[in-house]
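See below for structure18.pdb, which holds PDB, C-alpha atoms.
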```pdb
ATOM      1  CA  MET B 204     -38.072  -5.714  15.571
ATOM      2  CA  LYS B 205     -36.627  -9.220  15.563
ATOM      3  CA  LYS B 206     -33.531  -9.543  17.736
ATOM      4  CA  ARG B 207     -30.289 -10.200  15.876
ATOM      5  CA  VAL B 208     -28.963 -13.722  16.486
ATOM      6  CA  SER B 209     -25.568 -13.753  18.206
ATOM      7  CA  ILE B 210     -22.839 -16.356  18.740
ATOM      8  CA  LYS B 211     -23.905 -16.343  22.405
ATOM      9  CA  ASP B 212     -27.445 -17.425  21.408
ATOM     10  CA  ILE B 213     -26.099 -20.346  19.361
ATOM     11  CA  ALA B 214     -23.759 -21.435  22.171
ATOM     12  CA  LYS B 215     -26.563 -21.290  24.745
ATOM     13  CA  GLN B 216     -28.969 -23.306  22.603
ATOM     14  CA  LEU B 217     -26.379 -26.062  22.016
ATOM     15  CA  ASN B 218     -25.025 -25.813  25.571
ATOM     16  CA  ILE B 219     -21.434 -25.315  24.396
ATOM     17  CA  SER B 220     -18.914 -22.494  24.772
ATOM     18  CA  ILE B 221     -18.960 -19.303  22.711
ATOM     19  CA  THR B 222     -15.336 -20.031  21.777
ATOM     20  CA  THR B 223     -16.292 -23.377  20.256
ATOM     21  CA  VAL B 224     -19.023 -21.744  18.155
ATOM     22  CA  SER B 225     -16.571 -19.062  17.025
ATOM     23  CA  PHE B 226     -13.982 -21.655  15.956
ATOM     24  CA  VAL B 227     -16.587 -23.536  13.890
ATOM     25  CA  ILE B 228     -17.955 -20.403  12.213
ATOM     26  CA  ASN B 229     -14.442 -19.211  11.343
ATOM     27  CA  GLY B 230     -13.466 -22.552   9.785
ATOM     28  CA  LYS B 231     -11.105 -23.657  12.557
ATOM     29  CA  ALA B 232     -13.033 -26.732  13.760
ATOM     30  CA  ARG B 233     -10.509 -29.266  12.459
ATOM     31  CA  GLU B 234      -7.550 -27.204  13.685
ATOM     32  CA  LYS B 235      -9.089 -27.079  17.183
ATOM     33  CA  ASN B 236     -10.028 -30.779  17.171
ATOM     34  CA  ILE B 237     -13.785 -30.151  17.282
ATOM     35  CA  SER B 238     -15.714 -33.283  16.252
ATOM     36  CA  GLU B 239     -17.488 -33.479  12.904
ATOM     37  CA  SER B 240     -20.836 -34.179  14.602
ATOM     38  CA  LEU B 241     -20.589 -31.041  16.783
ATOM     39  CA  THR B 242     -19.382 -28.984  13.825
ATOM     40  CA  LYS B 243     -22.444 -30.115  11.858
ATOM     41  CA  LYS B 244     -24.795 -29.200  14.742
ATOM     42  CA  VAL B 245     -23.323 -25.695  14.932
ATOM     43  CA  LEU B 246     -23.457 -25.114  11.175
ATOM     44  CA  ASP B 247     -27.002 -26.480  10.923
ATOM     45  CA  LEU B 248     -28.172 -24.118  13.657
ATOM     46  CA  VAL B 249     -26.324 -21.193  12.055
ATOM     47  CA  THR B 250     -28.282 -21.857   8.861
ATOM     48  CA  GLU B 251     -31.583 -22.398  10.684
ATOM     49  CA  LEU B 252     -31.288 -19.158  12.668
ATOM     50  CA  ASN B 253     -29.841 -17.233   9.693
ATOM     51  CA  TYR B 254     -26.921 -16.035  11.780
ATOM     52  CA  GLN B 255     -25.023 -13.093  10.266
ATOM     53  CA  PRO B 256     -21.697 -12.066  11.806
ATOM     54  CA  ASN B 257     -21.429  -8.512  13.100
ATOM     55  CA  ALA B 258     -18.965  -6.867  10.706
ATOM     56  CA  LEU B 259     -18.045  -4.106  13.153
ATOM     57  CA  ALA B 260     -17.372  -6.557  15.970
ATOM     58  CA  THR B 261     -15.312  -8.741  13.651
ATOM     59  CA  SER B 262     -13.232  -5.782  12.465
ATOM     60  CA  LEU B 263     -12.623  -4.630  16.042
ATOM     61  CA  ARG B 264     -11.486  -8.122  16.995
ATOM     62  CA  THR B 265      -9.288  -8.810  13.977
ATOM     63  CA  GLY B 266      -8.284  -5.291  12.987
ATOM     64  CA  LYS B 267      -9.584  -6.100   9.470
ATOM     65  CA  THR B 268     -12.791  -4.965   7.786
ATOM     66  CA  LYS B 269     -12.362  -7.074   4.621
ATOM     67  CA  ILE B 270     -13.246  -3.910   2.692
ATOM     68  CA  ILE B 271     -11.132  -2.316  -0.057
ATOM     69  CA  GLY B 272     -11.582   1.236  -1.348
ATOM     70  CA  PHE B 273     -11.580   1.672  -5.152
ATOM     71  CA  LEU B 274     -11.225   5.216  -6.511
ATOM     72  CA  VAL B 275     -11.181   6.330 -10.177
ATOM     73  CA  ASP B 276     -12.186   9.362 -12.258
ATOM     74  CA  ASP B 277     -15.337   7.846 -13.729
ATOM     75  CA  ILE B 278     -16.295   4.229 -13.139
ATOM     76  CA  SER B 279     -18.768   4.342 -16.054
ATOM     77  CA  GLU B 280     -15.883   4.546 -18.550
ATOM     78  CA  PRO B 281     -15.354   1.161 -20.259
ATOM     79  CA  PHE B 282     -11.741   0.868 -19.099
ATOM     80  CA  PHE B 283     -12.483   1.549 -15.432
ATOM     81  CA  SER B 284     -15.687  -0.503 -15.356
ATOM     82  CA  GLY B 285     -13.836  -3.433 -16.913
ATOM     83  CA  ILE B 286     -11.070  -3.246 -14.304
ATOM     84  CA  ALA B 287     -13.675  -2.879 -11.535
ATOM     85  CA  ARG B 288     -15.539  -5.999 -12.681
ATOM     86  CA  HIS B 289     -12.410  -8.162 -12.660
ATOM     87  CA  ILE B 290     -11.243  -6.805  -9.295
ATOM     88  CA  ASP B 291     -14.674  -7.400  -7.774
ATOM     89  CA  GLU B 292     -14.654 -11.032  -8.974
ATOM     90  CA  ILE B 293     -11.236 -11.677  -7.431
ATOM     91  CA  ALA B 294     -12.060  -9.827  -4.202
ATOM     92  CA  SER B 295     -15.416 -11.602  -3.767
ATOM     93  CA  SER B 296     -13.801 -15.011  -4.157
ATOM     94  CA  LEU B 297     -11.498 -14.095  -1.255
ATOM     95  CA  GLY B 298     -14.216 -12.692   0.998
ATOM     96  CA  TYR B 299     -13.522  -9.010   0.369
ATOM     97  CA  LYS B 300     -16.032  -6.278  -0.431
ATOM     98  CA  ILE B 301     -15.178  -3.274  -2.615
ATOM     99  CA  LEU B 302     -16.320   0.319  -2.107
ATOM    100  CA  PHE B 303     -16.476   1.725  -5.655
ATOM    101  CA  SER B 304     -16.281   5.506  -6.081
ATOM    102  CA  SER B 305     -15.836   8.080  -8.863
ATOM    103  CA  THR B 306     -14.198  11.486  -8.364
ATOM    104  CA  ARG B 307     -15.619  13.014 -11.567
ATOM    105  CA  ASN B 308     -12.329  14.938 -11.793
ATOM    106  CA  ASP B 309     -13.311  16.900  -8.672
ATOM    107  CA  THR B 310     -10.359  17.180  -6.276
ATOM    108  CA  GLU B 311     -12.495  18.171  -3.294
ATOM    109  CA  LYS B 312     -14.806  15.218  -3.875
ATOM    110  CA  ALA B 313     -11.774  12.922  -4.168
ATOM    111  CA  ILE B 314     -10.437  14.137  -0.800
ATOM    112  CA  GLN B 315     -13.851  13.575   0.785
ATOM    113  CA  LEU B 316     -14.050  10.051  -0.649
ATOM    114  CA  LEU B 317     -10.599   9.222   0.717
ATOM    115  CA  GLN B 318     -11.757  10.406   4.134
ATOM    116  CA  ILE B 319     -14.837   8.178   3.882
ATOM    117  CA  PHE B 320     -12.567   5.222   3.110
ATOM    118  CA  LYS B 321     -10.460   6.084   6.168
ATOM    119  CA  ASP B 322     -13.553   6.404   8.357
ATOM    120  CA  ARG B 323     -14.700   2.973   7.177
ATOM    121  CA  HIS B 324     -11.245   1.607   8.101
ATOM    122  CA  VAL B 325     -10.792  -0.023   4.687
ATOM    123  CA  ASP B 326      -7.991  -2.582   4.624
ATOM    124  CA  GLY B 327      -6.454  -1.186   1.440
ATOM    125  CA  TYR B 328      -6.782   1.305  -1.403
ATOM    126  CA  ILE B 329      -6.850   0.768  -5.171
ATOM    127  CA  MET B 330      -6.671   3.983  -7.184
ATOM    128  CA  ALA B 331      -6.256   5.441 -10.626
ATOM    129  CA  LEU B 332      -4.699   8.512  -9.043
ATOM    130  CA  PRO B 333      -6.903  11.575  -9.712
ATOM    131  CA  GLU B 334      -5.074  14.741 -10.724
ATOM    132  CA  GLY B 335      -4.587  17.037  -7.725
ATOM    133  CA  LEU B 336      -4.648  14.219  -5.180
ATOM    134  CA  GLU B 337      -0.903  13.571  -5.136
ATOM    135  CA  GLU B 338      -0.252  15.161  -1.734
ATOM    136  CA  GLU B 339      -3.153  13.338  -0.096
ATOM    137  CA  VAL B 340      -1.903  10.013  -1.429
ATOM    138  CA  LYS B 341       1.634  10.778  -0.236
ATOM    139  CA  LYS B 342       0.273  11.332   3.286
ATOM    140  CA  LEU B 343      -1.723   8.101   3.054
ATOM    141  CA  ILE B 344       1.331   6.099   1.972
ATOM    142  CA  GLN B 345       3.372   7.611   4.822
ATOM    143  CA  THR B 346       0.913   6.035   7.288
ATOM    144  CA  ASP B 347       1.874   2.615   5.825
ATOM    145  CA  ALA B 348      -1.630   2.147   4.446
ATOM    146  CA  PRO B 349      -1.682  -0.512   1.676
ATOM    147  CA  VAL B 350      -2.056   1.523  -1.538
ATOM    148  CA  VAL B 351      -1.835   0.196  -5.096
ATOM    149  CA  LEU B 352      -2.126   2.572  -8.055
ATOM    150  CA  PHE B 353      -3.061   1.543 -11.574
ATOM    151  CA  ASP B 354      -3.341   3.207 -14.992
ATOM    152  CA  ARG B 355      -1.100   6.057 -13.791
ATOM    153  CA  TYR B 356       1.558   6.827 -11.244
ATOM    154  CA  VAL B 357       3.475   9.794  -9.858
ATOM    155  CA  GLN B 358       7.238   9.893 -10.356
ATOM    156  CA  ASP B 359       8.120  11.260  -6.921
ATOM    157  CA  VAL B 360       5.688   9.023  -5.018
ATOM    158  CA  LYS B 361       7.246   5.678  -4.098
ATOM    159  CA  THR B 362       4.409   3.193  -4.057
ATOM    160  CA  ASP B 363       3.114   0.045  -5.730
ATOM    161  CA  TYR B 364       1.540   0.384  -9.151
ATOM    162  CA  VAL B 365       0.382  -1.527 -12.217
ATOM    163  CA  ILE B 366       0.506   0.293 -15.534
ATOM    164  CA  ILE B 367       0.753  -0.523 -19.208
ATOM    165  CA  ASP B 368       3.557   0.401 -21.585
ATOM    166  CA  ASN B 369       1.883   3.581 -22.820
ATOM    167  CA  LYS B 370       4.813   4.986 -24.783
ATOM    168  CA  ASN B 371       5.557   1.825 -26.755
ATOM    169  CA  SER B 372       1.836   1.283 -27.398
ATOM    170  CA  THR B 373       1.352   4.591 -29.231
ATOM    171  CA  PHE B 374       4.757   4.237 -30.906
ATOM    172  CA  GLN B 375       3.675   0.927 -32.447
ATOM    173  CA  ALA B 376       0.223   2.292 -33.401
ATOM    174  CA  THR B 377       1.828   5.291 -35.130
ATOM    175  CA  GLU B 378       4.293   3.060 -36.996
ATOM    176  CA  HIS B 379       1.381   0.837 -38.053
ATOM    177  CA  LEU B 380      -0.246   3.850 -39.731
ATOM    178  CA  ILE B 381       3.044   4.967 -41.297
ATOM    179  CA  ASN B 382       3.684   1.471 -42.683
ATOM    180  CA  ASN B 383       0.208   1.542 -44.230
ATOM    181  CA  GLY B 384       1.048   4.697 -46.161
ATOM    182  CA  TYR B 385      -0.189   7.517 -43.912
ATOM    183  CA  LYS B 386       2.083  10.565 -43.710
ATOM    184  CA  ASN B 387      -0.004  13.240 -41.989
ATOM    185  CA  ILE B 388      -1.037  11.708 -38.683
ATOM    186  CA  GLY B 389      -2.709  13.789 -35.989
ATOM    187  CA  PHE B 390      -2.776  13.006 -32.284
ATOM    188  CA  VAL B 391      -5.726  14.146 -30.144
ATOM    189  CA  THR B 392      -5.228  14.082 -26.379
ATOM    190  CA  ILE B 393      -6.105  16.134 -23.299
ATOM    191  CA  ASP B 394      -4.112  18.950 -21.757
ATOM    192  CA  THR B 395      -2.837  17.239 -18.623
ATOM    193  CA  ALA B 396       0.276  16.369 -16.670
ATOM    194  CA  GLN B 397      -0.932  12.811 -15.945
ATOM    195  CA  LEU B 398       1.985  10.557 -16.821
ATOM    196  CA  GLN B 399       0.024   7.948 -18.750
ATOM    197  CA  MET B 400      -1.183  10.651 -21.158
ATOM    198  CA  VAL B 401       2.259  12.262 -21.347
ATOM    199  CA  ASP B 402       3.770   8.864 -22.205
ATOM    200  CA  ARG B 403       1.171   8.210 -24.916
ATOM    201  CA  LEU B 404       1.988  11.528 -26.557
ATOM    202  CA  SER B 405       5.708  10.773 -26.259
ATOM    203  CA  GLY B 406       5.295   7.457 -28.095
ATOM    204  CA  TYR B 407       3.525   9.200 -30.982
ATOM    205  CA  GLU B 408       6.133  11.971 -31.169
ATOM    206  CA  THR B 409       9.021   9.474 -31.101
ATOM    207  CA  ALA B 410       7.600   7.542 -34.077
ATOM    208  CA  ILE B 411       6.853  10.741 -36.005
ATOM    209  CA  GLU B 412      10.367  12.057 -35.396
ATOM    210  CA  LYS B 413      11.930   8.719 -36.370
ATOM    211  CA  HIS B 414      10.221   8.863 -39.776
ATOM    212  CA  LYS B 415      10.773  12.636 -40.192
ATOM    213  CA  LEU B 416       7.052  13.390 -40.502
ATOM    214  CA  PRO B 417       5.148  16.462 -39.256
ATOM    215  CA  ALA B 418       3.702  16.193 -35.736
ATOM    216  CA  VAL B 419       0.180  17.566 -35.418
ATOM    217  CA  VAL B 420      -1.034  17.498 -31.813
ATOM    218  CA  LYS B 421      -4.330  18.725 -30.410
ATOM    219  CA  LYS B 422      -4.525  19.057 -26.614
ATOM    220  CA  ILE B 423      -8.099  19.456 -25.432
ATOM    221  CA  SER B 424      -8.860  21.326 -22.220
ATOM    222  CA  TYR B 425     -11.382  18.668 -21.295
ATOM    223  CA  VAL B 426     -14.507  19.893 -19.491
ATOM    224  CA  ASN B 427     -17.231  17.771 -21.045
ATOM    225  CA  SER B 428     -18.116  15.997 -24.274
ATOM    226  CA  ALA B 429     -19.883  18.992 -25.844
ATOM    227  CA  GLU B 430     -16.883  21.296 -25.363
ATOM    228  CA  SER B 431     -14.536  18.569 -26.554
ATOM    229  CA  ILE B 432     -16.482  18.200 -29.799
ATOM    230  CA  LYS B 433     -16.393  21.972 -30.379
ATOM    231  CA  GLU B 434     -12.604  21.941 -30.076
ATOM    232  CA  MET B 435     -12.318  18.950 -32.412
ATOM    233  CA  VAL B 436     -14.541  20.545 -35.059
ATOM    234  CA  LYS B 437     -12.172  23.540 -35.185
ATOM    235  CA  PHE B 438      -9.129  21.264 -35.213
ATOM    236  CA  PHE B 439     -10.238  19.063 -38.122
ATOM    237  CA  LYS B 440     -11.406  22.076 -40.150
ATOM    238  CA  LYS B 441      -7.991  23.674 -39.679
ATOM    239  CA  GLU B 442      -5.863  20.550 -40.283
ATOM    240  CA  LYS B 443      -7.373  19.446 -43.595
ATOM    241  CA  GLN B 444      -4.081  17.828 -44.659
ATOM    242  CA  LEU B 445      -4.474  15.030 -42.097
ATOM    243  CA  ASP B 446      -4.947  11.539 -43.473
ATOM    244  CA  ALA B 447      -5.012   9.741 -40.096
ATOM    245  CA  VAL B 448      -5.657  10.429 -36.423
ATOM    246  CA  ILE B 449      -4.918   8.685 -33.112
ATOM    247  CA  PHE B 450      -7.212   9.391 -30.161
ATOM    248  CA  ALA B 451      -5.390   9.105 -26.825
ATOM    249  CA  ALA B 452      -8.264   7.601 -24.772
ATOM    250  CA  ASN B 453     -11.638   5.935 -25.310
ATOM    251  CA  TYR B 454     -13.748   8.932 -24.272
ATOM    252  CA  ILE B 455     -11.717  11.184 -26.598
ATOM    253  CA  CYS B 456     -12.288   8.690 -29.405
ATOM    254  CA  LEU B 457     -16.041   8.713 -28.756
ATOM    255  CA  ASP B 458     -16.079  12.505 -29.014
ATOM    256  CA  GLY B 459     -14.006  12.199 -32.179
ATOM    257  CA  LEU B 460     -16.520   9.799 -33.734
ATOM    258  CA  ARG B 461     -19.339  12.194 -32.802
ATOM    259  CA  THR B 462     -17.359  14.979 -34.476
ATOM    260  CA  PHE B 463     -16.976  12.844 -37.605
ATOM    261  CA  ARG B 464     -20.735  12.311 -37.779
ATOM    262  CA  LYS B 465     -21.396  16.020 -37.236
ATOM    263  CA  GLU B 466     -18.889  17.071 -39.917
ATOM    264  CA  GLY B 467     -19.496  14.249 -42.393
ATOM    265  CA  ILE B 468     -15.967  12.857 -42.020
ATOM    266  CA  ARG B 469     -15.775   9.251 -43.213
ATOM    267  CA  ILE B 470     -13.694   6.693 -41.286
ATOM    268  CA  HIS B 471     -10.798   5.453 -43.449
ATOM    269  CA  LYS B 472     -12.046   7.127 -46.645
ATOM    270  CA  ASP B 473     -11.279  10.581 -45.231
ATOM    271  CA  LEU B 474      -9.261   9.765 -42.111
ATOM    272  CA  ALA B 475      -7.711   6.563 -40.840
ATOM    273  CA  VAL B 476      -8.470   6.122 -37.133
ATOM    274  CA  VAL B 477      -6.791   4.458 -34.155
ATOM    275  CA  SER B 478      -8.166   4.567 -30.605
ATOM    276  CA  PHE B 479      -6.220   4.086 -27.403
ATOM    277  CA  ASP B 480      -8.427   1.649 -25.442
ATOM    278  CA  ASP B 481     -10.613  -0.855 -27.181
ATOM    279  CA  PHE B 482     -14.325  -1.007 -26.457
ATOM    280  CA  GLU B 483     -17.332  -2.696 -27.993
ATOM    281  CA  ILE B 484     -18.714   0.250 -29.977
ATOM    282  CA  LEU B 485     -15.573   0.387 -32.125
ATOM    283  CA  GLU B 486     -16.370  -3.003 -33.653
ATOM    284  CA  PHE B 487     -19.727  -1.687 -34.916
ATOM    285  CA  CYS B 488     -18.340   1.362 -36.719
ATOM    286  CA  ASN B 489     -18.135   1.273 -40.519
ATOM    287  CA  PRO B 490     -15.420   0.191 -40.972
ATOM    288  CA  PRO B 491     -14.538  -1.104 -37.477
ATOM    289  CA  VAL B 492     -11.922   0.990 -35.664
ATOM    290  CA  THR B 493      -8.377  -0.173 -34.919
ATOM    291  CA  ALA B 494      -7.626   0.073 -31.200
ATOM    292  CA  ILE B 495      -4.909  -0.403 -28.608
ATOM    293  CA  ALA B 496      -6.374  -2.947 -26.177
ATOM    294  CA  GLN B 497      -5.301  -2.845 -22.550
ATOM    295  CA  PRO B 498      -5.090  -6.206 -20.710
ATOM    296  CA  LEU B 499      -7.873  -5.504 -18.196
ATOM    297  CA  GLU B 500      -7.851  -8.933 -16.563
ATOM    298  CA  ALA B 501      -4.055  -8.948 -16.168
ATOM    299  CA  ILE B 502      -4.132  -5.436 -14.686
ATOM    300  CA  ALA B 503      -6.791  -6.460 -12.149
ATOM    301  CA  GLU B 504      -4.969  -9.685 -11.256
ATOM    302  CA  ASN B 505      -1.673  -7.878 -10.678
ATOM    303  CA  VAL B 506      -3.322  -5.112  -8.637
ATOM    304  CA  MET B 507      -5.011  -7.645  -6.343
ATOM    305  CA  LYS B 508      -1.898  -9.816  -6.087
ATOM    306  CA  ILE B 509       0.191  -6.832  -4.943
ATOM    307  CA  LEU B 510      -2.492  -5.535  -2.559
ATOM    308  CA  LEU B 511      -3.089  -8.932  -0.952
ATOM    309  CA  ASN B 512       0.652  -9.361  -0.487
ATOM    310  CA  LYS B 513       0.794  -5.997   1.276
ATOM    311  CA  LEU B 514      -2.178  -6.918   3.479
ATOM    312  CA  LYS B 515      -0.595 -10.270   4.328
ATOM    313  CA  LYS B 516       2.690  -8.628   5.302
ATOM    314  CA  ALA B 517       1.194  -5.585   7.026
ATOM    315  CA  GLY B 518       3.635  -3.941   9.417
ATOM    316  CA  ARG B 519       6.668  -5.418   7.652
ATOM    317  CA  ASN B 520       8.885  -3.557   5.228
ATOM    318  CA  ILE B 521       8.493  -4.966   1.734
ATOM    319  CA  GLU B 522       9.843  -3.659  -1.540
ATOM    320  CA  SER B 523       7.433  -1.637  -3.680
ATOM    321  CA  ALA B 524       6.176  -3.522  -6.735
ATOM    322  CA  GLN B 525       6.015  -1.744 -10.085
ATOM    323  CA  VAL B 526       4.484  -3.707 -12.952
ATOM    324  CA  SER B 527       4.330  -2.603 -16.602
ATOM    325  CA  LEU B 528       2.209  -4.716 -18.954
ATOM    326  CA  PRO B 529       2.159  -4.836 -22.774
ATOM    327  CA  THR B 530      -0.887  -3.977 -24.882
ATOM    328  CA  VAL B 531      -2.274  -5.497 -28.091
ATOM    329  CA  LEU B 532      -3.020  -3.524 -31.258
ATOM    330  CA  ASN B 533      -6.318  -4.845 -32.613
ATOM    331  CA  VAL B 534      -6.034  -3.978 -36.302
ATOM    332  CA  ARG B 535      -9.325  -3.336 -38.118
ATOM    333  CA  GLY B 536     -10.566  -1.658 -41.272
ATOM    334  CA  SER B 537     -10.205   1.947 -40.082
ATOM    335  CA  SER B 538      -6.414   1.834 -40.531
ATOM    336  CA  ALA B 539      -6.205  -0.304 -43.681
ATOM    337  CA  LYS B 540      -3.644   0.649 -46.341
ATOM    338  CA  LYS B 541      -4.364   3.773 -48.350
TER     339      LYS B 541
END
```

Once you've parsed the file, please lay out its structure as structure tokens.
Amino acid sequence: MKKRVSIKDIAKQLNISITTVSFVINGKAREKNISESLTKKVLDLVTELNYQPNALATSLRTGKTKIIGFLVDDISEPFFSGIARHIDEIASSLGYKILFSSTRNDTEKAIQLLQIFKDRHVDGYIMALPEGLEEEVKKLIQTDAPVVLFDRYVQDVKTDYVIIDNKNSTFQATEHLINNGYKNIGFVTIDTAQLQMVDRLSGYETAIEKHKLPAVVKKISYVNSAESIKEMVKFFKKEKQLDAVIFAANYICLDGLRTFRKEGIRIHKDLAVVSFDDFEILEFCNPPVTAIAQPLEAIAENVMKILLNKLKKAGRNIESAQVSLPTVLNVRGSSAKK
């Protein structure tokens, strides 16, 4: 096996000190008054020998691994994958690597993944807080670990987070349907205590109450898509008076569209439709589906800005940052006037 090239090897070959090589490699040549000609010799040899820094040694020396842990329910979901892509772009440009992980709504797996992050000595944590992990995150925050939550937060956990205005988003979507002549609007969500879902339901209920209309809510005990569709089939057969429906998340909307196909329910002709979260498939429905679009890039930028600020000021007391961003209602044919 070929021996790994070290800083010592480069220094020996150029007959200079290890410290000088280290300064050049770490971009401090000008600061340390190292000549341009010597800097070029070092960098040329680094390239020639394909020198790769030892990440473990670097982390032991600096106390930083340049690794960030990223934890969500399911990274394959369009919302989470979109956030992950933007965060990865920002992190890569700053020399950070991201460990991406999905909990699959399994609390034990989530705890294990957090432990793996700790064992890898990640510099910080970005999480869409999985249900059941509140106590573990509290303990993590108490150690002064840099933690930034997004998509959801916990009321009694004081930490940094970036969310969207869930309540106002569904309020506006519900009023949009009401203004277009719909009077029997259903709301399909999941049975959960997660605050982002609670707030979305609250926005719908506030609009319904304001206009003195009947609230029709279906809370799905979400296990998988097949079970979700079974519950929706029963719901839509029972609530035949509905003329519109709002789905509280993209995966719920997908199951709703599968239910429509199974039951022969026509978008707009039979039921107007609005989805919370916009994703590409909705544009190819007939007619295309109106959706509440979350600002993925802005969420990612704010998450990284807060996390980097915490990393920069590690060990110092800084105020927690809570950011709430607006959404955009992308109006399409599925919610056109009756």

Apply the PyMOL selection byres ((chain B and resi 385) around 10) to the file shown and report the selected residues as a compact mmCIF listing (two decimals) with C-alpha atoms, in the coordinates of the input.
```
# COMPACT_ATOMS: atom_id res chain seq x y z
CA THR B 377 1.83 5.29 -35.13
CA GLU B 378 4.29 3.06 -37.00
CA HIS B 379 1.38 0.84 -38.05
CA LEU B 380 -0.25 3.85 -39.73
CA ILE B 381 3.04 4.97 -41.30
CA ASN B 382 3.68 1.47 -42.68
CA ASN B 383 0.21 1.54 -44.23
CA GLY B 384 1.05 4.70 -46.16
CA LYS B 386 2.08 10.56 -43.71
CA ASN B 387 0.00 13.24 -41.99
CA ILE B 388 -1.04 11.71 -38.68
CA LEU B 416 7.05 13.39 -40.50
CA LEU B 445 -4.47 15.03 -42.10
CA ASP B 446 -4.95 11.54 -43.47
CA ALA B 447 -5.01 9.74 -40.10
CA VAL B 448 -5.66 10.43 -36.42
CA LEU B 474 -9.26 9.76 -42.11
CA ALA B 475 -7.71 6.56 -40.84
CA SER B 538 -6.41 1.83 -40.53
CA ALA B 539 -6.20 -0.30 -43.68
CA LYS B 540 -3.64 0.65 -46.34
CA LYS B 541 -4.36 3.77 -48.35
```

> Using all atoms listed in the file, which of the listed residues (B:Ser372, B:Ser428, B:Thr310, B:Gln444) sits closest to Thr462 in chain B?
Replying inline: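 Smallest distance to Thr462 in chain B is found for B:Ser428.
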
>> From the options B:Thr362, B:Gln318, B:Ser537, B:Thr242, which residue's atoms come nearest to Val350 in chain B, counting only C-alpha atoms?
In response: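 Of B:Thr362, B:Gln318, B:Ser537, B:Thr242, the one nearest Val350 in chain B is B:Thr362, counting only C-alpha atoms.
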
> Which residues match the PyMOL selection byres ((chain B and resi 343) around 12) in the file above, as a list in words?
Replying inline: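 Applied to this file, the PyMOL selection byres ((chain B and resi 343) around 12) returns Ile314, Leu317, Gln318, Phe320, Lys321, Gly327, Tyr328, Leu336, Glu337, Glu338, Glu339, Val340, Lys341, Lys342, Ile344, Gln345, Thr346, Asp347, Ala348, Pro349, Val350, Val351, Val360, Lys361 and Thr362 of chain B.
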
Using the chain letters and numbers from the file, which residues does the PyMOL selection byres ((chain B and resi 498-501) around 8) grab, as a compact mmCIF listing (two decimals) with C-alpha atoms, in the coordinates of the input?
```txt
# COMPACT_ATOMS: atom_id res chain seq x y z
CA PHE B 282 -11.74 0.87 -19.10
CA GLY B 285 -13.84 -3.43 -16.91
CA ILE B 286 -11.07 -3.25 -14.30
CA HIS B 289 -12.41 -8.16 -12.66
CA ALA B 496 -6.37 -2.95 -26.18
CA GLN B 497 -5.30 -2.84 -22.55
CA ILE B 502 -4.13 -5.44 -14.69
CA ALA B 503 -6.79 -6.46 -12.15
CA GLU B 504 -4.97 -9.68 -11.26
CA ASN B 505 -1.67 -7.88 -10.68
CA LEU B 528 2.21 -4.72 -18.95
CA PRO B 529 2.16 -4.84 -22.77
CA THR B 530 -0.89 -3.98 -24.88
CA VAL B 531 -2.27 -5.50 -28.09
```

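Straight-line separation from CA of Ala418 in chain B to CA of Phe390 in chain B: 8.0 Å.
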
> For Leu514 in chain B, which residue among B:Gln255, B:Thr268, B:Ser225, B:Ser238 is the nearest when counting only C-alpha atoms?
Replying inline: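 Checking each candidate against Leu514 in chain B, we get B:Thr268 as the closest.
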